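Structure data follow from data07.pdb (PDB, C-alpha atoms):
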```
ATOM      1  CA  MET L 284     182.963 -43.857  89.099
ATOM      2  CA  PHE L 285     182.511 -40.409  87.566
ATOM      3  CA  VAL L 286     182.711 -40.570  83.763
ATOM      4  CA  LYS L 287     183.025 -37.596  81.421
ATOM      5  CA  ILE L 288     182.573 -37.986  77.665
ATOM      6  CA  CYS L 289     184.471 -35.078  76.138
ATOM      7  CA  GLY L 290     184.604 -33.565  72.675
ATOM      8  CA  ILE L 291     180.832 -33.550  72.192
ATOM      9  CA  THR L 292     179.923 -31.567  69.075
ATOM     10  CA  SER L 293     176.240 -32.332  68.524
ATOM     11  CA  VAL L 294     172.985 -32.587  70.428
ATOM     12  CA  ASP L 295     172.637 -36.215  69.322
ATOM     13  CA  ASP L 296     176.001 -37.200  70.786
ATOM     14  CA  GLY L 297     175.307 -35.277  73.977
ATOM     15  CA  LEU L 298     171.993 -37.069  74.450
ATOM     16  CA  LEU L 299     173.615 -40.401  73.556
ATOM     17  CA  ALA L 300     176.263 -39.976  76.268
ATOM     18  CA  ALA L 301     173.619 -38.953  78.785
ATOM     19  CA  ALA L 302     171.321 -41.858  77.929
ATOM     20  CA  LEU L 303     174.168 -44.352  78.302
ATOM     21  CA  GLY L 304     175.032 -43.106  81.777
ATOM     22  CA  ALA L 305     177.674 -40.386  81.439
ATOM     23  CA  ASP L 306     177.950 -38.058  84.426
ATOM     24  CA  ALA L 307     179.289 -35.183  82.333
ATOM     25  CA  VAL L 308     179.862 -34.121  78.735
ATOM     26  CA  GLY L 309     182.706 -31.905  77.609
ATOM     27  CA  LEU L 310     182.326 -29.088  75.100
ATOM     28  CA  VAL L 311     185.616 -27.837  73.657
ATOM     29  CA  PHE L 312     186.100 -24.105  73.129
ATOM     30  CA  ALA L 313     189.868 -24.348  72.608
ATOM     31  CA  ALA L 314     191.581 -24.876  69.258
ATOM     32  CA  SER L 315     190.748 -28.459  68.282
ATOM     33  CA  SER L 316     189.088 -30.555  65.615
ATOM     34  CA  ARG L 317     186.296 -30.866  68.209
ATOM     35  CA  ARG L 318     185.885 -27.140  68.816
ATOM     36  CA  ILE L 319     182.296 -25.920  68.724
ATOM     37  CA  THR L 320     180.590 -22.550  68.595
ATOM     38  CA  SER L 321     178.830 -20.951  71.522
ATOM     39  CA  GLY L 322     175.519 -21.309  69.696
ATOM     40  CA  ARG L 323     175.875 -25.040  69.220
ATOM     41  CA  ALA L 324     177.103 -25.470  72.792
ATOM     42  CA  ARG L 325     174.036 -23.627  74.060
ATOM     43  CA  ASP L 326     171.761 -25.983  72.109
ATOM     44  CA  ILE L 327     173.491 -29.018  73.616
ATOM     45  CA  VAL L 328     173.407 -27.676  77.176
ATOM     46  CA  ARG L 329     169.699 -26.857  76.951
ATOM     47  CA  ARG L 330     168.879 -30.438  75.904
ATOM     48  CA  LEU L 331     170.932 -32.254  78.543
ATOM     49  CA  PRO L 332     169.143 -33.899  81.478
ATOM     50  CA  PRO L 333     169.605 -31.973  84.753
ATOM     51  CA  ALA L 334     171.735 -34.749  86.248
ATOM     52  CA  VAL L 335     174.392 -34.475  83.518
ATOM     53  CA  LEU L 336     177.093 -31.841  83.966
ATOM     54  CA  SER L 337     178.003 -29.618  81.051
ATOM     55  CA  VAL L 338     181.736 -28.881  81.066
ATOM     56  CA  GLY L 339     183.293 -26.178  78.910
ATOM     57  CA  VAL L 340     186.943 -26.846  78.061
ATOM     58  CA  PHE L 341     189.178 -23.780  77.666
ATOM     59  CA  ARG L 342     192.907 -23.409  77.074
ATOM     60  CA  ASN L 343     194.791 -20.173  77.795
ATOM     61  CA  GLU L 344     191.675 -18.077  77.185
ATOM     62  CA  ARG L 345     191.237 -14.687  78.846
ATOM     63  CA  LYS L 346     189.668 -15.248  82.245
ATOM     64  CA  GLU L 347     186.926 -12.723  81.541
ATOM     65  CA  ARG L 348     186.029 -14.522  78.334
ATOM     66  CA  VAL L 349     185.866 -17.876  80.125
ATOM     67  CA  VAL L 350     183.440 -16.547  82.706
ATOM     68  CA  GLU L 351     181.317 -14.721  80.129
ATOM     69  CA  THR L 352     181.037 -17.804  77.910
ATOM     70  CA  ALA L 353     180.253 -20.125  80.800
ATOM     71  CA  ASN L 354     177.551 -17.967  82.294
ATOM     72  CA  THR L 355     175.973 -17.003  78.972
ATOM     73  CA  ILE L 356     175.669 -20.608  77.823
ATOM     74  CA  GLY L 357     174.799 -21.995  81.236
ATOM     75  CA  LEU L 358     177.803 -24.276  81.660
ATOM     76  CA  ARG L 359     177.850 -25.980  85.045
ATOM     77  CA  THR L 360     181.606 -26.527  85.087
ATOM     78  CA  VAL L 361     184.655 -24.936  83.464
ATOM     79  CA  GLN L 362     187.729 -27.024  82.643
ATOM     80  CA  LEU L 363     190.993 -25.099  82.367
ATOM     81  CA  HIS L 364     193.406 -27.035  80.201
ATOM     82  CA  GLY L 365     196.244 -24.593  79.603
ATOM     83  CA  HIS L 366     198.753 -22.593  81.627
ATOM     84  CA  GLU L 367     196.246 -20.766  83.790
ATOM     85  CA  THR L 368     197.903 -19.502  86.955
ATOM     86  CA  PRO L 369     196.610 -20.184  90.467
ATOM     87  CA  GLU L 370     195.409 -16.579  90.613
ATOM     88  CA  GLU L 371     193.517 -16.837  87.316
ATOM     89  CA  THR L 372     192.034 -20.179  88.331
ATOM     90  CA  ARG L 373     190.753 -18.850  91.652
ATOM     91  CA  TRP L 374     189.367 -15.721  89.947
ATOM     92  CA  ILE L 375     187.376 -17.879  87.524
ATOM     93  CA  ALA L 376     186.278 -20.279  90.266
ATOM     94  CA  ASP L 377     184.732 -17.374  92.182
ATOM     95  CA  ARG L 378     182.501 -16.568  89.198
ATOM     96  CA  VAL L 379     181.341 -19.926  87.806
ATOM     97  CA  PRO L 380     179.630 -22.913  89.475
ATOM     98  CA  ALA L 381     182.672 -25.226  89.451
ATOM     99  CA  VAL L 382     186.156 -25.616  87.964
ATOM    100  CA  ILE L 383     188.247 -28.573  86.828
ATOM    101  CA  ARG L 384     191.945 -27.719  86.560
ATOM    102  CA  ALA L 385     193.856 -29.978  84.181
ATOM    103  CA  PHE L 386     197.542 -30.830  84.523
ATOM    104  CA  SER L 387     199.861 -32.976  82.464
ATOM    105  CA  ALA L 388     201.285 -36.038  84.207
ATOM    106  CA  GLY L 389     204.598 -35.084  85.765
ATOM    107  CA  ASP L 390     203.801 -31.366  85.886
ATOM    108  CA  PRO L 391     205.686 -29.891  88.877
ATOM    109  CA  ALA L 392     202.617 -27.750  89.595
ATOM    110  CA  LEU L 393     200.835 -30.890  90.837
ATOM    111  CA  ALA L 394     202.797 -30.495  94.061
ATOM    112  CA  ARG L 395     201.068 -27.139  94.583
ATOM    113  CA  VAL L 396     197.454 -27.926  93.741
ATOM    114  CA  ALA L 397     196.287 -26.246  96.953
ATOM    115  CA  ASP L 398     197.332 -22.910  95.430
ATOM    116  CA  TYR L 399     194.594 -23.304  92.816
ATOM    117  CA  GLY L 400     191.807 -23.317  95.379
ATOM    118  CA  ASP L 401     188.764 -25.542  95.667
ATOM    119  CA  VAL L 402     188.890 -27.139  92.219
ATOM    120  CA  GLN L 403     188.692 -30.675  90.872
ATOM    121  CA  ILE L 404     191.977 -32.025  89.493
ATOM    122  CA  LEU L 405     192.287 -33.738  86.109
ATOM    123  CA  ILE L 406     195.529 -35.385  85.009
ATOM    124  CA  ASP L 407     196.142 -35.816  81.285
ATOM    125  CA  SER L 408     198.952 -36.956  79.018
ATOM    126  CA  ALA L 409     201.617 -34.490  77.891
ATOM    127  CA  GLU L 410     199.743 -34.123  74.576
ATOM    128  CA  PRO L 411     196.085 -33.388  75.446
ATOM    129  CA  GLY L 412     193.681 -34.515  72.743
ATOM    130  CA  SER L 413     196.290 -36.701  71.037
ATOM    131  CA  GLY L 414     194.725 -39.982  72.112
ATOM    132  CA  LYS L 415     198.073 -41.069  73.561
ATOM    133  CA  ALA L 416     198.179 -42.662  76.995
ATOM    134  CA  PHE L 417     201.009 -42.120  79.459
ATOM    135  CA  ASN L 418     202.655 -44.524  81.898
ATOM    136  CA  TRP L 419     200.017 -44.645  84.623
ATOM    137  CA  SER L 420     202.330 -46.389  87.090
ATOM    138  CA  THR L 421     204.442 -43.224  87.317
ATOM    139  CA  LEU L 422     201.528 -41.219  88.668
ATOM    140  CA  ASP L 423     201.697 -40.620  92.425
ATOM    141  CA  THR L 424     198.089 -39.748  93.227
ATOM    142  CA  ALA L 425     198.778 -39.610  96.963
ATOM    143  CA  SER L 426     201.032 -36.602  96.472
ATOM    144  CA  VAL L 427     198.192 -34.704  94.778
ATOM    145  CA  GLY L 428     196.244 -34.837  98.018
ATOM    146  CA  ARG L 429     192.770 -35.003  96.517
ATOM    147  CA  PRO L 430     190.707 -37.240  94.206
ATOM    148  CA  ILE L 431     191.591 -37.008  90.524
ATOM    149  CA  ILE L 432     189.981 -37.464  87.144
ATOM    150  CA  LEU L 433     192.219 -39.474  84.805
ATOM    151  CA  ALA L 434     192.411 -38.631  81.089
ATOM    152  CA  GLY L 435     194.780 -39.184  78.210
ATOM    153  CA  GLY L 436     194.468 -41.943  75.645
ATOM    154  CA  LEU L 437     191.735 -43.869  77.422
ATOM    155  CA  ASN L 438     189.469 -46.195  75.441
ATOM    156  CA  PRO L 439     187.266 -49.247  76.072
ATOM    157  CA  ASP L 440     190.249 -51.590  75.754
ATOM    158  CA  ASN L 441     192.521 -49.935  78.338
ATOM    159  CA  VAL L 442     190.248 -48.159  80.805
ATOM    160  CA  ALA L 443     190.070 -51.180  83.111
ATOM    161  CA  ASP L 444     193.861 -51.294  83.416
ATOM    162  CA  ALA L 445     193.988 -47.537  83.923
ATOM    163  CA  ILE L 446     191.468 -47.660  86.748
ATOM    164  CA  ALA L 447     193.189 -50.629  88.395
ATOM    165  CA  THR L 448     196.560 -48.877  88.271
ATOM    166  CA  VAL L 449     195.612 -45.318  89.240
ATOM    167  CA  ARG L 450     192.341 -45.809  91.146
ATOM    168  CA  PRO L 451     191.015 -42.393  90.135
ATOM    169  CA  TRP L 452     187.791 -40.800  91.296
ATOM    170  CA  GLY L 453     186.763 -40.377  87.662
ATOM    171  CA  VAL L 454     187.810 -40.887  84.040
ATOM    172  CA  ASP L 455     187.587 -38.674  80.971
ATOM    173  CA  VAL L 456     187.525 -39.874  77.366
ATOM    174  CA  SER L 457     187.227 -38.216  73.965
ATOM    175  CA  SER L 458     189.003 -39.689  70.938
ATOM    176  CA  GLY L 459     188.887 -43.189  72.426
ATOM    177  CA  VAL L 460     185.138 -43.411  71.849
ATOM    178  CA  GLU L 461     184.930 -41.743  68.452
ATOM    179  CA  ALA L 462     184.007 -42.993  65.013
ATOM    180  CA  ARG L 463     185.925 -39.990  63.652
ATOM    181  CA  PRO L 464     187.040 -36.672  65.189
ATOM    182  CA  GLY L 465     184.028 -34.982  66.733
ATOM    183  CA  VAL L 466     181.617 -37.860  66.133
ATOM    184  CA  LYS L 467     181.047 -40.474  68.836
ATOM    185  CA  ASP L 468     180.741 -44.203  68.215
ATOM    186  CA  PRO L 469     177.706 -45.472  70.206
ATOM    187  CA  VAL L 470     179.199 -48.931  70.726
ATOM    188  CA  LYS L 471     182.491 -47.549  72.048
ATOM    189  CA  VAL L 472     180.708 -45.074  74.319
ATOM    190  CA  GLN L 473     178.515 -47.836  75.722
ATOM    191  CA  ARG L 474     181.466 -50.194  76.301
ATOM    192  CA  PHE L 475     183.582 -47.508  77.965
ATOM    193  CA  LEU L 476     180.799 -46.459  80.310
ATOM    194  CA  ALA L 477     179.865 -50.038  81.193
ATOM    195  CA  ILE L 478     183.441 -50.982  82.073
ATOM    196  CA  ALA L 479     184.180 -47.826  84.059
ATOM    197  CA  LYS L 480     180.903 -47.890  85.963
ATOM    198  CA  ASP L 481     181.224 -51.587  86.770
ATOM    199  CA  LEU L 482     184.740 -51.151  88.127
ATOM    200  CA  GLY L 483     183.634 -48.110  90.082
ATOM    201  CA  VAL L 484     180.924 -50.129  91.828
ATOM    202  CA  LYS L 485     183.336 -52.962  92.640
ATOM    203  CA  SER L 486     185.917 -50.514  93.970
ATOM    204  CA  SER L 487     183.387 -48.795  96.248
ATOM    205  CA  THR L 488     182.336 -52.142  97.710
ATOM    206  CA  GLY L 489     185.907 -53.320  98.153
ATOM    207  CA  ASN L 490     185.592 -56.032  95.512
ATOM    208  CA  THR L 491     187.711 -55.527  92.401
ATOM    209  CA  SER L 492     188.025 -59.182  91.446
ATOM    210  CA  SER L 493     186.319 -60.511  88.349
ATOM    211  CA  GLU L 494     183.749 -63.248  88.733
TER     212      GLU L 494
END
```
What is this file in structure tokens?
Amino acid sequence: MFVKICGITSVDDGLLAAALGADAVGLVFAASSRRITSGRARDIVRRLPPAVLSVGVFRNERKERVVETANTIGLRTVQLHGHETPEETRWIADRVPAVIRAFSAGDPALARVADYGDVQILIDSAEPGSGKAFNWSTLDTASVGRPIILAGGLNPDNVADAIATVRPWGVDVSSGVEARPGVKDPVKVQRFLAIAKDLGVKSSTGNTSSE
């Protein structure tokens, strides 16, 4: 199970997530209480272990600015979390290592994900960053046609149910593992990762029962 810990604002929290087993950390460049500067993001990226992906989160930013920021800092993935068109998404994807395109659950554009090119799909709640979950049972992952990353209101107490219901390829959490906005809670991060990784192993071996 791929797990991304988003909203990282410090080197310490980035290294904490990495040490506890996160596959990726998210650095927010969009308007948010977790927004960080390019300088701080560069410090975090430089300290991350090679196996951990650095993901820059952008929302409705100029495509040229997204590419410039990503390549200057050394981001390994760009996450587009706004109203970026298929054309803008493909343009960015041609100029950075990888792209995650985020959609809200129920977005009609999910029926046309092929138009966005070879990108990873993330599905969030209608209010990204709010910490509010949506009704996972309404999500038709088969219609998306490719593996998804699930986000939106996840936390250590509900991630098991979310994974059992949606069976995503990965999960993404931010506020659900915080002590306060922008500061991670080590215990919550550890619990979230342990639960998600354990369920991921059971799912891959065809055993999702608890023993």
Problem set entry | Distance of CA of Arg330 in chain L from CA of Val442 in chain L, expressed in Å to one decimal place |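 According to the coordinates, CA of Val442 in chain L and CA of Arg330 in chain L are separated by 28.2 Å.
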Hey, could you pull the box centre and edge lengths for range 414-433 of chain L, axis-aligned, 8 Å padding per side, all listed atoms, to one decimal in Å, as JSON?
```
{"center_x": 197.2, "center_y": -40.5, "center_z": 85.1, "size_x": 30.5, "size_y": 27.7, "size_z": 41.9}
```
Exercise. Using the chain letters and numbers from the file, which residues does the PyMOL selection byres ((chain L and resi 380-397) around 7) grab, as a list of chain:residue names?
Worked result: L:Arg359, L:Thr360, L:Val361, L:Gln362, L:Leu363, L:His364, L:Ala376, L:Arg378, L:Val379, L:Asp398, L:Tyr399, L:Gly400, L:Val402, L:Gln403, L:Ile404, L:Leu405, L:Ile406, L:Asp407, L:Ser408, L:Ala409, L:Leu422, L:Ser426, L:Val427
Emit the selected residues as a PDB file, keeping the file's coordinate frame, including C-alpha atoms.
```
ATOM      1  CA  ARG L 359     177.850 -25.980  85.045  1.00  0.00           C
ATOM      2  CA  THR L 360     181.606 -26.527  85.087  1.00  0.00           C
ATOM      3  CA  VAL L 361     184.655 -24.936  83.464  1.00  0.00           C
ATOM      4  CA  GLN L 362     187.729 -27.024  82.643  1.00  0.00           C
ATOM      5  CA  LEU L 363     190.993 -25.099  82.367  1.00  0.00           C
ATOM      6  CA  HIS L 364     193.406 -27.035  80.201  1.00  0.00           C
ATOM      7  CA  ALA L 376     186.278 -20.279  90.266  1.00  0.00           C
ATOM      8  CA  ARG L 378     182.501 -16.568  89.198  1.00  0.00           C
ATOM      9  CA  VAL L 379     181.341 -19.926  87.806  1.00  0.00           C
ATOM     10  CA  ASP L 398     197.332 -22.910  95.430  1.00  0.00           C
ATOM     11  CA  TYR L 399     194.594 -23.304  92.816  1.00  0.00           C
ATOM     12  CA  GLY L 400     191.807 -23.317  95.379  1.00  0.00           C
ATOM     13  CA  VAL L 402     188.890 -27.139  92.219  1.00  0.00           C
ATOM     14  CA  GLN L 403     188.692 -30.675  90.872  1.00  0.00           C
ATOM     15  CA  ILE L 404     191.977 -32.025  89.493  1.00  0.00           C
ATOM     16  CA  LEU L 405     192.287 -33.738  86.109  1.00  0.00           C
ATOM     17  CA  ILE L 406     195.529 -35.385  85.009  1.00  0.00           C
ATOM     18  CA  ASP L 407     196.142 -35.816  81.285  1.00  0.00           C
ATOM     19  CA  SER L 408     198.952 -36.956  79.018  1.00  0.00           C
ATOM     20  CA  ALA L 409     201.617 -34.490  77.891  1.00  0.00           C
ATOM     21  CA  LEU L 422     201.528 -41.219  88.668  1.00  0.00           C
ATOM     22  CA  SER L 426     201.032 -36.602  96.472  1.00  0.00           C
ATOM     23  CA  VAL L 427     198.192 -34.704  94.778  1.00  0.00           C
TER      24      VAL L 427
END
```
Exercise. Of the residues L:Ile327, L:Ile478, L:Leu310, L:Val340, which is the one nearest to Leu437 in chain L, using all atoms listed in the file?
Worked result: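 Among the listed residues, the smallest separation from Leu437 in chain L belongs to L:Ile478.
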Exercise. Can you list, as an MDAnalysis selection string, every protein, DNA or RNA residue that comes within 12 Å of Asp295 in chain L when you count only C-alpha atoms, leaving out same-chain residues fewer than 2 positions away?
Worked result: chainID L and resid 291:293 297:302 323 326:328 330:331 465:469
Excluding same-chain residues fewer than 6 positions from Ile375 in chain L, what lies within 8 Å of it counting all atoms listed in the file, as a short mmCIF file (atom, residue, chain, number, x, y, z; two decimals) with C-alpha atoms, in the coordinates of the input?
```cif
data_model
loop_
_atom_site.label_atom_id
_atom_site.label_comp_id
_atom_site.auth_asym_id
_atom_site.auth_seq_id
_atom_site.Cartn_x
_atom_site.Cartn_y
_atom_site.Cartn_z
CA LYS L 346 189.67 -15.25 82.24
CA GLU L 347 186.93 -12.72 81.54
CA VAL L 349 185.87 -17.88 80.12
CA VAL L 350 183.44 -16.55 82.71
CA VAL L 382 186.16 -25.62 87.96
#
```
Problem set entry | Nearest-residue call for Ile356 in chain L, choices L:Thr424, L:Ser457, L:Thr368, L:Ser337, using all atoms listed in the file |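 Smallest distance to Ile356 in chain L is found for L:Ser337.
Residue nearest Val456 in chain L, chosen from L:Phe417, L:Phe312, L:Phe475, L:Trp374 and counting all atoms listed in the file: L:Phe475.
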Exercise. Could you state the separation of CA of His366 in chain L and CA of Arg463 in chain L in Å, given to one decimal place?
Worked result: 28.1 Å
Starting from the incomplete input, reconstruct N, CA and C atoms of range 378-406 of chain L and report them as a PDB file, in the frame of the given file.
```pdb
ATOM      1  N   ARG L 378     183.533 -17.141  90.060  1.00  0.00           N
ATOM      2  CA  ARG L 378     182.501 -16.568  89.198  1.00  0.00           C
ATOM      3  C   ARG L 378     181.731 -17.586  88.363  1.00  0.00           C
ATOM      4  N   VAL L 379     182.070 -18.858  88.505  1.00  0.00           N
ATOM      5  CA  VAL L 379     181.341 -19.926  87.806  1.00  0.00           C
ATOM      6  C   VAL L 379     180.989 -21.006  88.832  1.00  0.00           C
ATOM      7  N   PRO L 380     180.057 -21.907  88.494  1.00  0.00           N
ATOM      8  CA  PRO L 380     179.630 -22.913  89.475  1.00  0.00           C
ATOM      9  C   PRO L 380     180.746 -23.840  89.961  1.00  0.00           C
ATOM     10  N   ALA L 381     181.616 -24.285  89.055  1.00  0.00           N
ATOM     11  CA  ALA L 381     182.672 -25.226  89.451  1.00  0.00           C
ATOM     12  C   ALA L 381     183.790 -25.195  88.412  1.00  0.00           C
ATOM     13  N   VAL L 382     184.985 -25.613  88.842  1.00  0.00           N
ATOM     14  CA  VAL L 382     186.156 -25.616  87.964  1.00  0.00           C
ATOM     15  C   VAL L 382     186.896 -26.943  88.070  1.00  0.00           C
ATOM     16  N   ILE L 383     187.308 -27.457  86.914  1.00  0.00           N
ATOM     17  CA  ILE L 383     188.247 -28.573  86.828  1.00  0.00           C
ATOM     18  C   ILE L 383     189.549 -27.995  86.298  1.00  0.00           C
ATOM     19  N   ARG L 384     190.634 -28.196  87.023  1.00  0.00           N
ATOM     20  CA  ARG L 384     191.945 -27.719  86.560  1.00  0.00           C
ATOM     21  C   ARG L 384     192.741 -28.911  86.061  1.00  0.00           C
ATOM     22  N   ALA L 385     193.125 -28.873  84.792  1.00  0.00           N
ATOM     23  CA  ALA L 385     193.856 -29.978  84.181  1.00  0.00           C
ATOM     24  C   ALA L 385     195.358 -29.755  84.263  1.00  0.00           C
ATOM     25  N   PHE L 386     196.086 -30.836  84.502  1.00  0.00           N
ATOM     26  CA  PHE L 386     197.542 -30.830  84.523  1.00  0.00           C
ATOM     27  C   PHE L 386     198.044 -32.007  83.700  1.00  0.00           C
ATOM     28  N   SER L 387     199.216 -31.849  83.116  1.00  0.00           N
ATOM     29  CA  SER L 387     199.861 -32.976  82.464  1.00  0.00           C
ATOM     30  C   SER L 387     200.528 -33.839  83.521  1.00  0.00           C
ATOM     31  N   ALA L 388     200.586 -35.144  83.285  1.00  0.00           N
ATOM     32  CA  ALA L 388     201.285 -36.038  84.207  1.00  0.00           C
ATOM     33  C   ALA L 388     202.736 -35.592  84.324  1.00  0.00           C
ATOM     34  N   GLY L 389     203.222 -35.512  85.543  1.00  0.00           N
ATOM     35  CA  GLY L 389     204.598 -35.084  85.765  1.00  0.00           C
ATOM     36  C   GLY L 389     204.780 -33.587  85.893  1.00  0.00           C
ATOM     37  N   ASP L 390     203.711 -32.826  85.740  1.00  0.00           N
ATOM     38  CA  ASP L 390     203.801 -31.366  85.886  1.00  0.00           C
ATOM     39  C   ASP L 390     204.197 -31.029  87.326  1.00  0.00           C
ATOM     40  N   PRO L 391     205.274 -30.260  87.525  1.00  0.00           N
ATOM     41  CA  PRO L 391     205.686 -29.891  88.877  1.00  0.00           C
ATOM     42  C   PRO L 391     204.603 -29.154  89.653  1.00  0.00           C
ATOM     43  N   ALA L 392     203.687 -28.499  88.934  1.00  0.00           N
ATOM     44  CA  ALA L 392     202.617 -27.750  89.595  1.00  0.00           C
ATOM     45  C   ALA L 392     201.675 -28.656  90.380  1.00  0.00           C
ATOM     46  N   LEU L 393     201.688 -29.964  90.095  1.00  0.00           N
ATOM     47  CA  LEU L 393     200.835 -30.890  90.837  1.00  0.00           C
ATOM     48  C   LEU L 393     201.180 -30.912  92.326  1.00  0.00           C
ATOM     49  N   ALA L 394     202.397 -30.530  92.652  1.00  0.00           N
ATOM     50  CA  ALA L 394     202.797 -30.495  94.061  1.00  0.00           C
ATOM     51  C   ALA L 394     202.214 -29.281  94.777  1.00  0.00           C
ATOM     52  N   ARG L 395     201.593 -28.374  93.996  1.00  0.00           N
ATOM     53  CA  ARG L 395     201.068 -27.139  94.583  1.00  0.00           C
ATOM     54  C   ARG L 395     199.589 -26.944  94.237  1.00  0.00           C
ATOM     55  N   VAL L 396     198.850 -28.049  94.155  1.00  0.00           N
ATOM     56  CA  VAL L 396     197.454 -27.926  93.741  1.00  0.00           C
ATOM     57  C   VAL L 396     196.627 -27.096  94.718  1.00  0.00           C
ATOM     58  N   ALA L 397     197.041 -27.033  95.973  1.00  0.00           N
ATOM     59  CA  ALA L 397     196.287 -26.246  96.953  1.00  0.00           C
ATOM     60  C   ALA L 397     196.255 -24.770  96.575  1.00  0.00           C
ATOM     61  N   ASP L 398     197.273 -24.319  95.840  1.00  0.00           N
ATOM     62  CA  ASP L 398     197.332 -22.910  95.430  1.00  0.00           C
ATOM     63  C   ASP L 398     196.197 -22.546  94.477  1.00  0.00           C
ATOM     64  N   TYR L 399     195.627 -23.560  93.819  1.00  0.00           N
ATOM     65  CA  TYR L 399     194.594 -23.304  92.816  1.00  0.00           C
ATOM     66  C   TYR L 399     193.195 -23.223  93.414  1.00  0.00           C
ATOM     67  N   GLY L 400     193.089 -23.450  94.715  1.00  0.00           N
ATOM     68  CA  GLY L 400     191.807 -23.317  95.379  1.00  0.00           C
ATOM     69  C   GLY L 400     190.973 -24.581  95.352  1.00  0.00           C
ATOM     70  N   ASP L 401     189.693 -24.414  95.564  1.00  0.00           N
ATOM     71  CA  ASP L 401     188.764 -25.542  95.667  1.00  0.00           C
ATOM     72  C   ASP L 401     188.311 -25.964  94.272  1.00  0.00           C
ATOM     73  N   VAL L 402     189.186 -26.688  93.576  1.00  0.00           N
ATOM     74  CA  VAL L 402     188.890 -27.139  92.219  1.00  0.00           C
ATOM     75  C   VAL L 402     189.110 -28.648  92.133  1.00  0.00           C
ATOM     76  N   GLN L 403     188.466 -29.255  91.149  1.00  0.00           N
ATOM     77  CA  GLN L 403     188.692 -30.675  90.872  1.00  0.00           C
ATOM     78  C   GLN L 403     189.940 -30.798  90.011  1.00  0.00           C
ATOM     79  N   ILE L 404     190.728 -31.835  90.228  1.00  0.00           N
ATOM     80  CA  ILE L 404     191.977 -32.025  89.493  1.00  0.00           C
ATOM     81  C   ILE L 404     191.828 -33.110  88.435  1.00  0.00           C
ATOM     82  N   LEU L 405     192.246 -32.784  87.203  1.00  0.00           N
ATOM     83  CA  LEU L 405     192.287 -33.738  86.109  1.00  0.00           C
ATOM     84  C   LEU L 405     193.732 -33.891  85.670  1.00  0.00           C
ATOM     85  N   ILE L 406     194.166 -35.133  85.460  1.00  0.00           N
ATOM     86  CA  ILE L 406     195.529 -35.385  85.009  1.00  0.00           C
ATOM     87  C   ILE L 406     195.478 -36.046  83.633  1.00  0.00           C
TER      88      ILE L 406
END
```
